[in-house]
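Data first, discussion second: the structure below is written as structure tokens.
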Amino acid sequence: MSGIAGIIHFDGKPVEPGLIEKMTSAMAHRGPDGIHHWVKGSVALGQCMLRTTPESLEETQPLTNEDESLVLVMDGRVDNWEELRRELLARGAVLRNRSDAELVLRAYETWGDEAADRIVGDFAFALRDERRQTLFCGRDVMGVRPLYFYCGDQFILVASEMHALFQDSRIPREPNLGMVAEYLAAQVVSRGETLFKGIQRLEPGHRLTARAGTVVTAPYWRPDFGWILHYRSEDDYVDHLIELMKCAIASRLRSTGPVGVRMSGGVDSTTVFGLARSMIAAGEVDVATETFSTVFPGEDCDESHYIQSMDALWGATANLVERWIAPPEHYSAHARFYLDCPDSPNGAMNTPLKDRVTDNGIRVLLTGAGGDEWFWGRDRLIADLIKGLRFMAASGLIWRDKGTLRQKTATLLRSGLMPLLPAGIDARLRRLRKRRLLFPWVTQELLRSSSLEDRIAASNAGGARFASFDQEAVYRTGTNGWMAVNAEIEDLTSARHGIEQRHPLWDRRIIEFALAIPGMLRWRPPYHKYILRQAARGFLPEALRLRQDKTSFDSIFPAAIKAQGGQKRMGALLLAAVGWVDGQEVERMTAKVLSAKSASPVAGWGGYIWPVWMAYAIDVWLRESGMVPHGDPFR
């Protein structure tokens with residue numbers, strides 16, 4: 001976790017003196033180990049350094065080649081470090097040191113625009129090519145490292161954090177109504193837009209090439225959707241996954257100091273920790289580890305017993321931190337500083353945990369993020385089984401999974417039969433269904449001006465040819481707009497604590513494996529994440545490995561909304577005054593959430609959680625963004 005910023009004037013106009021320094025100063029928390037700049041005429045690049053790997057101790061940025069025709073700034077880590085280094089040396093590249101940035105610079109020298117595809121890891125970089133008169137940028141496949149940009153008249157700005165762009169007075173502050181509507185409807189589908197008109201995020205898995213008059217972004221990574229991996233036995237799949245996970249974990253244990261593991265009582269993070277400790281015990285890696293867990297004493301969602309059983313199994317140093325209900329200032333400060341939508345309660349609750357990580361002198365924190373997206377298993381597998389005339393297997397998935405008879409019947413119709421309909425009929429049914437799924441709390445005016453339904457429909461449109469319905473559902477879940485936004489919020493909140501979070505299950509090689517396995521290895525009733533559980537055998541206590549329940553932390557939302565002022569606060573939304581939401585409808589939904597008699601969101605109030613919270617969060621953003629000093633400028 002570092003920070004980068006850049007300014008390029010394509011018309012040769014000199015960069016405004018001090019501007020790049022202002023941009024990096026706005027992100028100074030990302031650079032506790034130093035901030036440096038490279039300025040030459042119409043080009044300025046800056047980098048804020050956090051050193052977290054042994055190789056980074058040899059690194060100084062901005063980094064140039066010998067004749068300064070290439071200048072690189074990078075936030076990130078190369079996880080295929082050894083392989084990439086060997087390949088570059090075999091091609092005659094001269095590596096002046098062992099740093100990751102040197103590998104990326106030489107990769108661009110060797111492969112040009114194809115360089116990003118050669119890198120496995122978490123990264124965002126910007127590289128000025130004087131010979132081609134271009135700015136070239138790349139971002140990792142899951143968007144773990146953020147990168148925002150703004151294209152003006154003959155100039156482009158890039159930065160790791162959006163608010164740094166506003167250090168340039170040329171950047172306007174106008175709301176992007178399309179993205180506003182997506183947030184308010186709790187239907188974030190866009191991966192390249194922000195809440196501000198004109199400010200874009202480079203999409204995960206994309207590259208950007210900017211030159212005078214043009215800015216082009218394009219995906220550099222797309223899995224082979226037409227391919228399914230076929231092994232002779234289940235054990236072969238399990239062995240392959242264990243091999244990939246060990247590789248992903250080992251590369252993420254590269255650290256200048258001890259490594260923390262953010263561990264819940266679920267299968268994902270505990271498997272990461274169990275494999276890491278087994279590798280340490282076997283002498284495959286040499287690093288100290290300890291766990292950090294958010295606990296909920298006395299609440300239904302508390303997983304302390306699972307966490308403690310895992311720590312006992314491996315003799316780990318455990319840090320149990322009670323969940324936190326953030327006050328209004330927490331969210332206001334986030335929106336005021338970053339000029340973006342603030343965190344949610346189930347993210348903010350981990351703030352004391354990150355404080356503890358920092359207090360313990362740890363800069364690297366592993367997580368189990370990715371297990372739900374890539375290994376959970378999706379209902380669309382039912383359609384694949386029916387299409388393959390495997391009716392008994394399909395009925396087994398439906399009837400052995402949890403739910404009432406009515407819910408099981410709805411699953412059969414929605415996930416088993418509708419995908420099999422001809423495309424034209426399916427599209428018409430979806431349009432009818434959308435009409436019934438209007439968002440009554442979003443005003444008709446905003447729905448029309450934002451073209452929200454068209455945005456959602458476009459995100460669901462076909463394009464790639466998937467090998468199965470299940471594969472498509474898994475891919476869309478793992479790469480949707482919410483994932484992009486949440487990855488950035490995790491980065492921002494961790495960066496403020498001086499922490500670099502690393503996610504082994506978001507490793508590109510694991511994602512490609514997960515997409516290529518048969519669906520029954522993800523979901524085999526009664527178990528979701530079936531293959532991950534098989535890979536975890538021997539690394540987890542059996543009661544944990546085979547647990548069938550899944551903890552929801554959404555029960556924190558009623559308490560969080562009350563802490564923000566409850567019904568009174570939600571009845572005074574600026575959003576209602578500017579005509580973006582129906583205030584009465586939001587108040588009605590808020591009352592439903594606040595009157596919840598059960599801790600479980602499925603008890604009737606779960607569907608209101610995110611619309612209510614997003615109304616609050618976007619209201620905070622609107623108030624803190626400085627766009628509404630007097631009246632309503634949007635009409």
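Ordered as shown in the structure tokens, chains take letters A, B, and onward, while each chain numbers its residues from 1 and ligands are numbered from 1 in the order shown.
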Find the spatial neighbours of region 342-352 of chain A, counting only C-alpha atoms, within a cut-off of 7 Å - ignore same-chain residues fewer than 2 positions away - and output them as a ChimeraX atom specification.
/A:294,321,323-326,331,334-335,340,354-356,489,553-554,556-557,560,617
Once you have the residues from the selection above, write them out as an mmCIF file, in the first residue's frame, restricted to C-alpha atoms.
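The resulting file, again08.cif, is shown below:
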```cif
data_model
loop_
_atom_site.group_PDB
_atom_site.id
_atom_site.type_symbol
_atom_site.label_atom_id
_atom_site.label_comp_id
_atom_site.auth_asym_id
_atom_site.auth_seq_id
_atom_site.Cartn_x
_atom_site.Cartn_y
_atom_site.Cartn_z
ATOM 1 C CA THR A 294 -13.728 -8.860 15.610
ATOM 2 C CA VAL A 321 -11.438 -6.982 19.535
ATOM 3 C CA ARG A 323 -17.127 -4.755 17.368
ATOM 4 C CA TRP A 324 -17.652 -1.014 17.253
ATOM 5 C CA ILE A 325 -20.674 1.142 16.448
ATOM 6 C CA ALA A 326 -19.270 4.200 14.679
ATOM 7 C CA TYR A 331 -18.819 8.759 8.404
ATOM 8 C CA HIS A 334 -14.604 9.918 5.725
ATOM 9 C CA ALA A 335 -16.838 11.745 3.239
ATOM 10 C CA ASP A 340 -16.627 9.826 -1.539
ATOM 11 C CA LYS A 354 -7.117 -2.092 12.549
ATOM 12 C CA ASP A 355 -6.062 0.139 15.439
ATOM 13 C CA ARG A 356 -4.830 -2.975 17.231
ATOM 14 C CA ILE A 489 -13.051 1.374 0.670
ATOM 15 C CA PHE A 553 -23.175 -9.279 10.444
ATOM 16 C CA ASP A 554 -26.085 -7.265 9.043
ATOM 17 C CA ILE A 556 -25.271 -4.356 13.275
ATOM 18 C CA PHE A 557 -27.274 -2.045 10.998
ATOM 19 C CA ALA A 560 -25.727 1.775 13.606
ATOM 20 C CA ALA A 617 -24.339 7.479 3.283
#
```
Show me, as a VMD selection string, the residues that have an atom within 9 Å of Pro223 (chain A) when counting only C-alpha atoms, minus same-chain residues fewer than 3 positions from it.
chain A and resid 226 to 227 511 to 512 515 to 516
Please identify the strand (DSSP E or B) residues within region 61-267 of chain A (assignment by DSSP from backbone atoms) and present them as a PyMOL selection string.
chain A and resi 63-64+70-78+121-129+134-139+148-152+155-159+175+193+196+199-201+206-211+214-219+259-262
Can you list, as a list in words, every protein, DNA or RNA residue that comes within 8 Å of Ile7 (chain A) when you count only C-alpha atoms, leaving out same-chain residues fewer than 2 positions away?
Ala5, His9, Val15, Ile20, Ser42, Val43, Ala44, Leu45, Phe155, Ile156, Leu157 and Val158 of chain A
Would you mind exporting N, CA and C atoms of the selected residues as a JSON list (two decimals), in the first residue's frame?
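To be explicit, this is the file written out as result_20.json:
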```json
[["chain", "number", "residue", "atom", "x", "y", "z"],
["A", 5, "ALA", "N", 0.57, 9.58, -7.89],
["A", 5, "ALA", "CA", -0.12, 10.71, -8.50],
["A", 5, "ALA", "C", 0.65, 11.12, -9.75],
["A", 9, "HIS", "N", 0.62, 17.18, -19.27],
["A", 9, "HIS", "CA", 0.08, 18.16, -20.22],
["A", 9, "HIS", "C", 0.54, 17.76, -21.62],
["A", 15, "VAL", "N", 3.76, 22.00, -15.98],
["A", 15, "VAL", "CA", 2.89, 21.68, -14.85],
["A", 15, "VAL", "C", 2.96, 22.81, -13.84],
["A", 20, "ILE", "N", 1.92, 18.84, -8.01],
["A", 20, "ILE", "CA", 2.13, 17.43, -7.71],
["A", 20, "ILE", "C", 2.42, 17.25, -6.23],
["A", 42, "SER", "N", 6.28, 19.41, -18.78],
["A", 42, "SER", "CA", 4.84, 19.15, -18.82],
["A", 42, "SER", "C", 4.44, 17.85, -18.12],
["A", 43, "VAL", "N", 5.40, 17.22, -17.44],
["A", 43, "VAL", "CA", 5.14, 15.94, -16.78],
["A", 43, "VAL", "C", 5.55, 16.03, -15.31],
["A", 44, "ALA", "N", 4.69, 15.55, -14.43],
["A", 44, "ALA", "CA", 5.02, 15.47, -13.01],
["A", 44, "ALA", "C", 4.44, 14.18, -12.44],
["A", 45, "LEU", "N", 5.26, 13.42, -11.74],
["A", 45, "LEU", "CA", 4.83, 12.18, -11.11],
["A", 45, "LEU", "C", 5.29, 12.18, -9.67],
["A", 155, "PHE", "N", -4.89, 17.51, -21.04],
["A", 155, "PHE", "CA", -4.16, 17.06, -19.86],
["A", 155, "PHE", "C", -4.89, 15.89, -19.21],
["A", 156, "ILE", "N", -4.16, 15.15, -18.41],
["A", 156, "ILE", "CA", -4.74, 14.06, -17.64],
["A", 156, "ILE", "C", -4.12, 14.06, -16.25],
["A", 157, "LEU", "N", -4.94, 13.77, -15.25],
["A", 157, "LEU", "CA", -4.49, 13.61, -13.87],
["A", 157, "LEU", "C", -4.81, 12.19, -13.43],
["A", 158, "VAL", "N", -3.92, 11.59, -12.65],
["A", 158, "VAL", "CA", -4.18, 10.28, -12.05],
["A", 158, "VAL", "C", -3.77, 10.34, -10.58]]
```
Within 8 Å of Pro440 (chain A), counting only C-alpha atoms, which residues qualify if same-chain residues fewer than 3 places away don't, as an MDAnalysis selection string?
chainID A and resid 443 582 585
May I have the residues from that selection written out with N, CA and C atoms, as a PDB file, in the first residue's frame?
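Saved result, result_24.pdb, follows:
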```
ATOM      1  N   THR A 443     -36.718   8.748  -6.444  1.00  0.00           N
ATOM      2  CA  THR A 443     -37.744   9.506  -7.154  1.00  0.00           C
ATOM      3  C   THR A 443     -37.761   9.163  -8.642  1.00  0.00           C
ATOM      4  N   ASP A 582     -37.592   9.773  -2.088  1.00  0.00           N
ATOM      5  CA  ASP A 582     -38.886  10.030  -1.467  1.00  0.00           C
ATOM      6  C   ASP A 582     -38.679   9.915   0.038  1.00  0.00           C
ATOM      7  N   GLU A 585     -40.939   7.491   2.017  1.00  0.00           N
ATOM      8  CA  GLU A 585     -40.645   6.076   1.787  1.00  0.00           C
ATOM      9  C   GLU A 585     -39.394   5.654   2.550  1.00  0.00           C
TER      10      GLU A 585
END
```
Pick from A:Gln444, A:Ala458, A:Gly566, A:Thr64, whichever lies nearest to Val581 (chain A) using only C-alpha atoms:
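Looking at the shortest contact to Val581 (chain A), the residue is A:Gln444.
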Could you tell me how far CA of Pro419 (chain A) lies from CA of Met520 (chain A), in Å and to one decimal?
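Rounded to one decimal, the two atoms are 18.0 Å apart.
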What's around Ile199 (chain A) at 8 Å? Count only C-alpha atoms, leave out sequence neighbours fewer than 5 positions away in its own chain, and write the answer as a list in words.
Tyr148, Phe149, Tyr150, Cys151, Glu193 and Thr194 of chain A
